[in-house]
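Heads up, entry.csv below (CSV, C-alpha atoms):
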chain,number,residue,atom,x,y,z
A,1188,ASP,CA,12.2,-4.7,-17.0
A,1189,GLY,CA,11.9,-1.8,-14.6
A,1190,GLY,CA,9.1,-1.8,-12.2
A,1191,ILE,CA,7.8,-2.3,-8.7
A,1192,THR,CA,7.6,-5.7,-7.1
A,1193,GLN,CA,5.3,-6.5,-4.2
A,1194,SER,CA,5.3,-9.7,-2.3
A,1195,PRO,CA,3.5,-11.8,-1.3
A,1196,LYS,CA,0.5,-11.4,-3.6
A,1197,TYR,CA,-1.8,-13.1,-1.1
A,1198,LEU,CA,-1.2,-13.4,2.7
A,1199,PHE,CA,-3.2,-14.8,5.5
A,1200,ARG,CA,-2.6,-13.9,9.1
A,1201,LYS,CA,-4.1,-14.8,12.4
A,1202,GLU,CA,-5.3,-12.1,14.7
A,1203,GLY,CA,-2.5,-10.7,17.0
A,1204,GLN,CA,0.3,-11.5,14.5
A,1205,ASN,CA,2.5,-8.9,12.8
A,1206,VAL,CA,3.1,-9.2,9.1
A,1207,THR,CA,5.5,-7.5,6.8
A,1208,LEU,CA,4.7,-6.7,3.1
A,1209,SER,CA,7.7,-6.3,0.8
A,1210,CYS,CA,8.0,-3.5,-1.9
A,1211,GLU,CA,11.1,-3.3,-4.1
A,1212,GLN,CA,11.6,-0.9,-7.1
A,1213,ASN,CA,14.3,-0.8,-9.7
A,1214,LEU,CA,13.2,2.5,-11.3
A,1215,ASN,CA,15.7,4.5,-9.3
A,1216,HIS,CA,12.9,6.6,-7.9
A,1217,ASP,CA,13.4,8.7,-4.8
A,1218,ALA,CA,9.9,8.6,-3.4
A,1219,MET,CA,7.9,5.5,-2.3
A,1220,TYR,CA,4.4,5.2,-0.9
A,1221,TRP,CA,2.0,2.7,0.7
A,1222,TYR,CA,-1.7,2.8,0.1
A,1223,ARG,CA,-4.6,0.8,1.5
A,1224,GLN,CA,-7.7,0.0,-0.5
A,1225,ASP,CA,-10.9,-1.5,0.9
A,1226,PRO,CA,-13.6,-3.0,-1.3
A,1227,GLY,CA,-15.4,-0.4,-3.5
A,1228,GLN,CA,-13.4,2.4,-2.1
A,1229,GLY,CA,-10.5,4.6,-3.3
A,1230,LEU,CA,-6.9,4.4,-2.0
A,1231,ARG,CA,-5.9,5.8,1.3
A,1232,LEU,CA,-2.3,6.8,2.1
A,1233,ILE,CA,-0.6,5.0,4.9
A,1234,TYR,CA,3.0,6.2,4.8
A,1235,TYR,CA,5.3,7.8,2.3
A,1236,SER,CA,9.0,8.4,2.0
A,1237,GLN,CA,10.7,11.0,-0.1
A,1238,ILE,CA,14.3,10.0,0.6
A,1239,VAL,CA,16.3,7.2,2.2
A,1240,ASN,CA,16.1,7.1,6.0
A,1241,ASP,CA,13.1,9.5,6.1
A,1242,PHE,CA,9.4,8.9,6.0
A,1243,GLN,CA,6.1,10.6,6.9
A,1244,LYS,CA,2.7,9.4,8.1
A,1245,GLY,CA,-0.1,9.5,5.7
A,1246,ASP,CA,-3.8,9.7,6.5
A,1247,ILE,CA,-4.2,6.3,8.2
A,1248,ALA,CA,-0.8,5.4,9.7
A,1249,GLU,CA,-2.0,4.0,13.1
A,1250,GLY,CA,-1.2,0.3,13.4
A,1251,TYR,CA,1.4,0.4,10.7
A,1252,SER,CA,5.2,0.9,10.6
A,1253,VAL,CA,7.7,1.3,7.8
A,1254,SER,CA,11.4,1.6,7.2
A,1255,ARG,CA,13.5,3.1,4.3
A,1256,GLU,CA,17.0,1.8,4.8
A,1257,LYS,CA,17.7,1.5,1.0
A,1258,LYS,CA,16.4,3.5,-1.9
A,1259,GLU,CA,14.9,0.6,-3.6
A,1260,SER,CA,13.1,-0.9,-0.7
A,1261,PHE,CA,10.1,0.3,1.4
A,1262,PRO,CA,8.7,-2.6,3.6
A,1263,LEU,CA,5.4,-2.1,5.4
A,1264,THR,CA,4.6,-3.9,8.7
A,1265,VAL,CA,1.0,-4.4,9.7
A,1266,THR,CA,1.1,-4.7,13.4
A,1267,SER,CA,-1.4,-6.3,15.8
A,1268,ALA,CA,-2.5,-2.8,16.8
A,1269,GLN,CA,-4.2,-2.4,13.4
A,1270,LYS,CA,-7.9,-3.1,14.2
A,1271,ASN,CA,-9.1,-4.0,10.8
A,1272,PRO,CA,-6.1,-5.1,8.6
A,1273,THR,CA,-7.9,-7.1,6.0
A,1274,ALA,CA,-7.4,-5.1,2.8
A,1275,PHE,CA,-5.6,-4.7,-0.5
A,1276,TYR,CA,-2.2,-3.0,-0.1
A,1277,LEU,CA,-0.5,-1.1,-2.9
A,1278,CYS,CA,3.0,0.2,-3.0
A,1279,ALA,CA,4.0,3.0,-5.4
A,1280,SER,CA,7.1,5.0,-6.3
A,1281,SER,CA,7.7,8.3,-8.1
A,1282,GLN,CA,10.5,10.5,-9.3
A,1283,THR,CA,10.8,13.8,-7.5
A,1284,SER,CA,12.9,16.3,-9.4
A,1285,GLY,CA,12.6,16.7,-13.1
A,1286,SER,CA,9.2,15.2,-13.5
A,1287,TYR,CA,5.6,15.8,-12.7
A,1288,GLY,CA,5.6,13.1,-10.0
A,1289,GLU,CA,3.3,10.5,-11.6
A,1290,LEU,CA,3.1,7.4,-9.5
A,1291,PHE,CA,4.0,3.9,-10.7
A,1292,PHE,CA,2.2,1.1,-8.8
A,1293,GLY,CA,3.0,-2.5,-8.0
A,1294,GLU,CA,0.4,-5.3,-8.4
A,1295,GLY,CA,-0.7,-5.2,-4.8
A,1296,SER,CA,-0.7,-7.5,-1.8
A,1297,ARG,CA,-4.0,-8.8,-0.5
A,1298,LEU,CA,-4.0,-9.4,3.3
A,1299,THR,CA,-6.7,-11.5,5.0
A,1300,VAL,CA,-6.9,-11.8,8.7
A,1301,LEU,CA,-8.5,-15.1,9.8
B,362,ASP,CA,-5.1,19.8,-2.4
B,363,ALA,CA,-8.4,20.5,-4.0
B,364,LYS,CA,-11.3,17.9,-3.8
B,365,THR,CA,-12.8,16.3,-6.9
B,366,THR,CA,-16.3,15.1,-7.7
B,367,GLN,CA,-16.9,12.2,-10.2
B,368,PRO,CA,-20.0,10.3,-11.1
B,369,PRO,CA,-19.9,6.8,-9.4
B,370,SER,CA,-20.4,4.9,-12.7
B,371,MET,CA,-20.8,5.2,-16.4
B,372,ASP,CA,-21.5,2.8,-19.3
B,373,CYS,CA,-20.1,3.1,-22.8
B,374,ALA,CA,-20.6,1.1,-26.0
B,375,GLU,CA,-17.5,-0.6,-27.4
B,376,GLY,CA,-15.9,1.5,-30.2
B,377,ARG,CA,-17.5,4.7,-29.1
B,378,ALA,CA,-15.9,7.6,-27.2
B,379,ALA,CA,-16.0,7.5,-23.4
B,380,ASN,CA,-16.2,10.9,-21.8
B,381,LEU,CA,-15.5,10.9,-18.1
B,382,PRO,CA,-16.3,14.2,-16.3
B,383,CYS,CA,-14.6,15.6,-13.2
B,384,ASN,CA,-15.5,18.6,-11.1
B,385,HIS,CA,-12.8,20.5,-9.2
B,386,SER,CA,-14.4,23.8,-8.5
B,387,THR,CA,-11.9,24.7,-5.7
B,388,ILE,CA,-8.8,24.1,-7.8
B,389,SER,CA,-6.1,26.7,-7.4
B,390,GLY,CA,-3.9,28.2,-10.0
B,391,ASN,CA,-0.9,25.9,-9.4
B,392,GLU,CA,-2.8,22.6,-9.1
B,393,TYR,CA,-2.5,20.0,-11.9
B,394,VAL,CA,-5.3,17.6,-12.9
B,395,TYR,CA,-4.2,13.9,-13.0
B,396,TRP,CA,-6.1,10.9,-14.2
B,397,TYR,CA,-5.3,7.3,-13.3
B,398,ARG,CA,-7.2,4.1,-13.9
B,399,GLN,CA,-7.4,0.8,-12.0
B,400,ILE,CA,-8.4,-2.4,-13.5
B,401,HIS,CA,-9.9,-4.9,-11.1
B,402,SER,CA,-7.4,-6.2,-8.5
B,403,GLN,CA,-4.4,-4.4,-10.1
B,404,GLY,CA,-2.4,-1.3,-9.2
B,405,PRO,CA,-3.6,2.0,-10.7
B,406,GLN,CA,-2.0,3.1,-13.9
B,407,TYR,CA,-1.2,6.7,-14.8
B,408,ILE,CA,-3.1,8.0,-17.9
B,409,ILE,CA,-2.5,11.7,-18.4
B,410,HIS,CA,-2.2,15.1,-16.6
B,411,GLY,CA,-2.6,18.8,-17.4
B,412,LEU,CA,-2.5,22.3,-16.0
B,413,LYS,CA,-4.4,24.6,-18.3
B,414,ASN,CA,-4.2,23.4,-21.9
B,415,ASN,CA,-5.8,20.4,-23.4
B,416,GLU,CA,-3.5,17.4,-23.5
B,417,THR,CA,-3.4,14.2,-25.7
B,418,ASN,CA,-1.3,11.1,-25.5
B,419,GLU,CA,-1.6,7.6,-26.9
B,420,MET,CA,-4.1,6.6,-24.3
B,421,ALA,CA,-6.5,9.5,-23.9
B,422,SER,CA,-7.3,13.2,-24.2
B,423,LEU,CA,-7.8,15.6,-21.4
B,424,ILE,CA,-10.0,18.6,-21.9
B,425,ILE,CA,-9.8,21.3,-19.1
B,426,THR,CA,-12.4,24.1,-19.1
B,427,GLU,CA,-11.1,27.7,-19.4
B,428,ASP,CA,-12.0,28.4,-15.7
B,429,ARG,CA,-10.3,25.1,-14.8
B,430,LYS,CA,-13.2,24.1,-12.5
B,431,SER,CA,-13.9,20.9,-14.4
B,432,SER,CA,-12.3,18.6,-16.9
B,433,THR,CA,-13.1,15.6,-19.1
B,434,LEU,CA,-11.1,12.5,-19.9
B,435,ILE,CA,-11.8,11.2,-23.3
B,436,LEU,CA,-11.1,7.6,-24.4
B,437,PRO,CA,-11.6,8.0,-28.2
B,438,HIS,CA,-12.5,4.4,-29.1
B,439,ALA,CA,-13.3,2.5,-25.9
B,440,THR,CA,-12.6,-1.2,-25.8
B,441,LEU,CA,-13.6,-3.9,-23.3
B,442,ARG,CA,-10.2,-3.6,-21.8
B,443,ASP,CA,-10.9,0.0,-20.8
B,444,THR,CA,-13.4,-1.3,-18.2
B,445,ALA,CA,-11.9,0.0,-15.0
B,446,VAL,CA,-12.2,2.6,-12.2
B,447,TYR,CA,-11.0,6.0,-13.3
B,448,TYR,CA,-9.7,8.5,-10.7
B,449,CYS,CA,-9.4,12.2,-11.2
B,450,ILE,CA,-7.0,13.9,-8.8
B,451,VAL,CA,-5.9,17.5,-8.5
B,452,ARG,CA,-2.7,18.5,-6.7
B,453,VAL,CA,0.2,20.9,-6.5
B,454,PHE,CA,3.4,19.5,-7.9
B,455,ARG,CA,6.1,19.9,-5.2
B,456,GLU,CA,9.7,18.9,-5.1
B,457,TYR,CA,8.8,16.9,-2.0
B,458,GLY,CA,5.5,15.8,-0.5
B,459,ASN,CA,4.1,14.5,-3.8
B,460,LYS,CA,1.4,12.5,-2.3
B,461,LEU,CA,-1.8,11.8,-4.3
B,462,VAL,CA,-5.2,11.6,-2.6
B,463,PHE,CA,-7.5,9.2,-4.4
B,464,GLY,CA,-11.3,9.5,-4.2
B,465,ALA,CA,-13.8,6.7,-5.1
B,466,GLY,CA,-13.5,7.4,-8.8
B,467,THR,CA,-15.8,6.5,-11.7
B,468,ILE,CA,-16.5,2.8,-12.6
B,469,LEU,CA,-16.5,2.7,-16.4
B,470,ARG,CA,-18.2,-0.3,-18.0
B,471,VAL,CA,-17.5,-0.8,-21.7
B,472,LYS,CA,-20.2,-3.1,-23.2
B,473,SER,CA,-20.2,-4.9,-26.5
Starting from the file, lay out its structure as structure tokens.
Amino acid sequence: DGGITQSPKYLFRKEGQNVTLSCEQNLNHDAMYWYRQDPGQGLRLIYYSQIVNDFQKGDIAEGYSVSREKKESFPLTVTSAQKNPTAFYLCASSQTSGSYGELFFGEGSRLTVL
Amino acid sequence: DAKTTQPPSMDCAEGRAANLPCNHSTISGNEYVYWYRQIHSQGPQYIIHGLKNNETNEMASLIITEDRKSSTLILPHATLRDTAVYYCIVRVFREYGNKLVFGAGTILRVKS
């Protein structure tokens, strides 16, 4: 089945450690996105990529990094510079041309800093 | 992209229609209205979108006022599985830069 796969589903990290969240899609979508969600709040955009080897900062990019070396993959690294990394992280993808750009989301990765 | 205003929460009886309002008074002529929903601890799911005309699909109906300053998402026969956070978003569709900005949404509780 086509879709978006995020891993791991749950992740624990010690303070000062970097951690990388995986996002893979087999929908052949050009665009991919990373959102962060805190309890009781909406989603905030971290980074997005419209095409391979290109990405842009979203509203809360500080302390995060991404890469887009392959169309189907858009990993997110949460660095030690991120002051409050405990959150629910959601990856999404969308088609660009020929559609109205609705987003398809993965099931999310829940990061807890101990 | 225009900002939206939604009530923080609503209740609905199972089997009845759920009508979720959204205000977007600063919407511009080329901005679409999108609705997504998020069941607890899952990724959001696309429901429906529209520009001017009312829209219907297998999940819901979208009613947009003539001046486009507000809209209503209608779930015709709500079930317990429809309990979720519903997000109303307005944005321009671009070839690139299709980022969606999510607000806090409306928590819909369907009760038996």
Q: Counting only C-alpha atoms, select every polymer residue within 8 Å of (-3.8, -10.2, 9.4) as defined in the file's coordinates, and provide the selection as a list in words.
A: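 So the residues meeting the distance criterion are Leu1198, Phe1199, Arg1200, Lys1201, Glu1202, Gly1203, Gln1204, Asn1205, Val1206, Val1265, Ser1267, Pro1272, Thr1273, Leu1298, Thr1299, Val1300 and Leu1301 of chain A.
Across the structure, atom CA of B:Arg452 and atom CA of B:Leu469 are spaced 23.1 Å apart.
If you count only C-alpha atoms and ignore residues fewer than 4 places along the chain from B:Glu392, what sits within 7 Å of it is Ile388, Leu412, Val451, Arg452 and Val453 of chain B.
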Selection to disk with C-alpha atoms, as an mmCIF file, keeping the file's coordinate frame:
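Writing done, so here's again_24.cif:
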data_model
loop_
_atom_site.group_PDB
_atom_site.id
_atom_site.type_symbol
_atom_site.label_atom_id
_atom_site.label_comp_id
_atom_site.auth_asym_id
_atom_site.auth_seq_id
_atom_site.Cartn_x
_atom_site.Cartn_y
_atom_site.Cartn_z
ATOM 1 C CA ILE B 388 -8.800 24.100 -7.800
ATOM 2 C CA LEU B 412 -2.500 22.300 -16.000
ATOM 3 C CA VAL B 451 -5.900 17.500 -8.500
ATOM 4 C CA ARG B 452 -2.700 18.500 -6.700
ATOM 5 C CA VAL B 453 0.200 20.900 -6.500
#
Q.
Residues of chain B within 6 Å of chain A, counting only C-alpha atoms, what are they? List them as a ChimeraX atom specification.
A. /B:403-404,456,463-465
Given the selection you just returned, output its residues as a file containing C-alpha atoms, formatted as a short mmCIF file (atom, residue, chain, number, x, y, z; two decimals), in the coordinates of the input.
data_model
loop_
_atom_site.label_atom_id
_atom_site.label_comp_id
_atom_site.auth_asym_id
_atom_site.auth_seq_id
_atom_site.Cartn_x
_atom_site.Cartn_y
_atom_site.Cartn_z
CA GLN B 403 -4.40 -4.40 -10.10
CA GLY B 404 -2.40 -1.30 -9.20
CA GLU B 456 9.70 18.90 -5.10
CA PHE B 463 -7.50 9.20 -4.40
CA GLY B 464 -11.30 9.50 -4.20
CA ALA B 465 -13.80 6.70 -5.10
#
Q. Rounded to one decimal in Å, what is the spacing between atom CA of B:Gly376 and atom CA of B:Ala439?
A. 5.1 Å
Q: Give the answer as one residue: which of B:Lys364, B:Arg398, B:Arg377, B:His410 has the shortest atom-to-atom distance to B:Thr440, using all atoms listed in the file?
A: B:Arg377
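Atom to atom, atom CA of B:Ala374 and atom CA of B:Arg470 stand 8.5 Å apart.
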Axis-aligned box for all listed atoms of stretch 1232-1238 of chain A, 3 Å per side, centre and edges in Å to one decimal, as AutoDock Vina command-line options:
--center_x 6.0 --center_y 8.0 --center_z 2.4 --size_x 22.6 --size_y 12.0 --size_z 11.0
Q.
Please list as a ChimeraX atom specification every residue within 12 Å of stretch 431-435 of chain B, counting all atoms listed in the file and excluding residues in the same chain fewer than 3 positions away.
A. /B:363-368,373,377-389,393-398,408-428,438-439,443,447-451,467,469
(Q) Here's a test: counting all atoms listed in the file, identify every protein, DNA and RNA residue with an atom at most 8 Å from (-15.3, -2.9, -15.0) in the file's coordinate frame, and state them as number ranges by chain. (A) B: 400-401, 443-446, 468-471
Within 6 Å of A:Gln1212, counting all atoms listed in the file, which residues show up once you throw out same-chain ones fewer than 3 positions away? Write them as an mmCIF file with C-alpha atoms, keeping the file's coordinate frame, please.
data_model
loop_
_atom_site.group_PDB
_atom_site.id
_atom_site.type_symbol
_atom_site.label_atom_id
_atom_site.label_comp_id
_atom_site.auth_asym_id
_atom_site.auth_seq_id
_atom_site.Cartn_x
_atom_site.Cartn_y
_atom_site.Cartn_z
ATOM 1 C CA GLY A 1190 9.100 -1.800 -12.200
ATOM 2 C CA ILE A 1191 7.800 -2.300 -8.700
ATOM 3 C CA GLU A 1259 14.900 0.600 -3.600
#
Q: For each of B:Gly466, B:Leu461, B:Lys430, B:Leu441, take the minimum atom-to-atom distance to B:Gly390, counting all atoms listed in the file, then give the residue where this is smallest.
A: B:Lys430
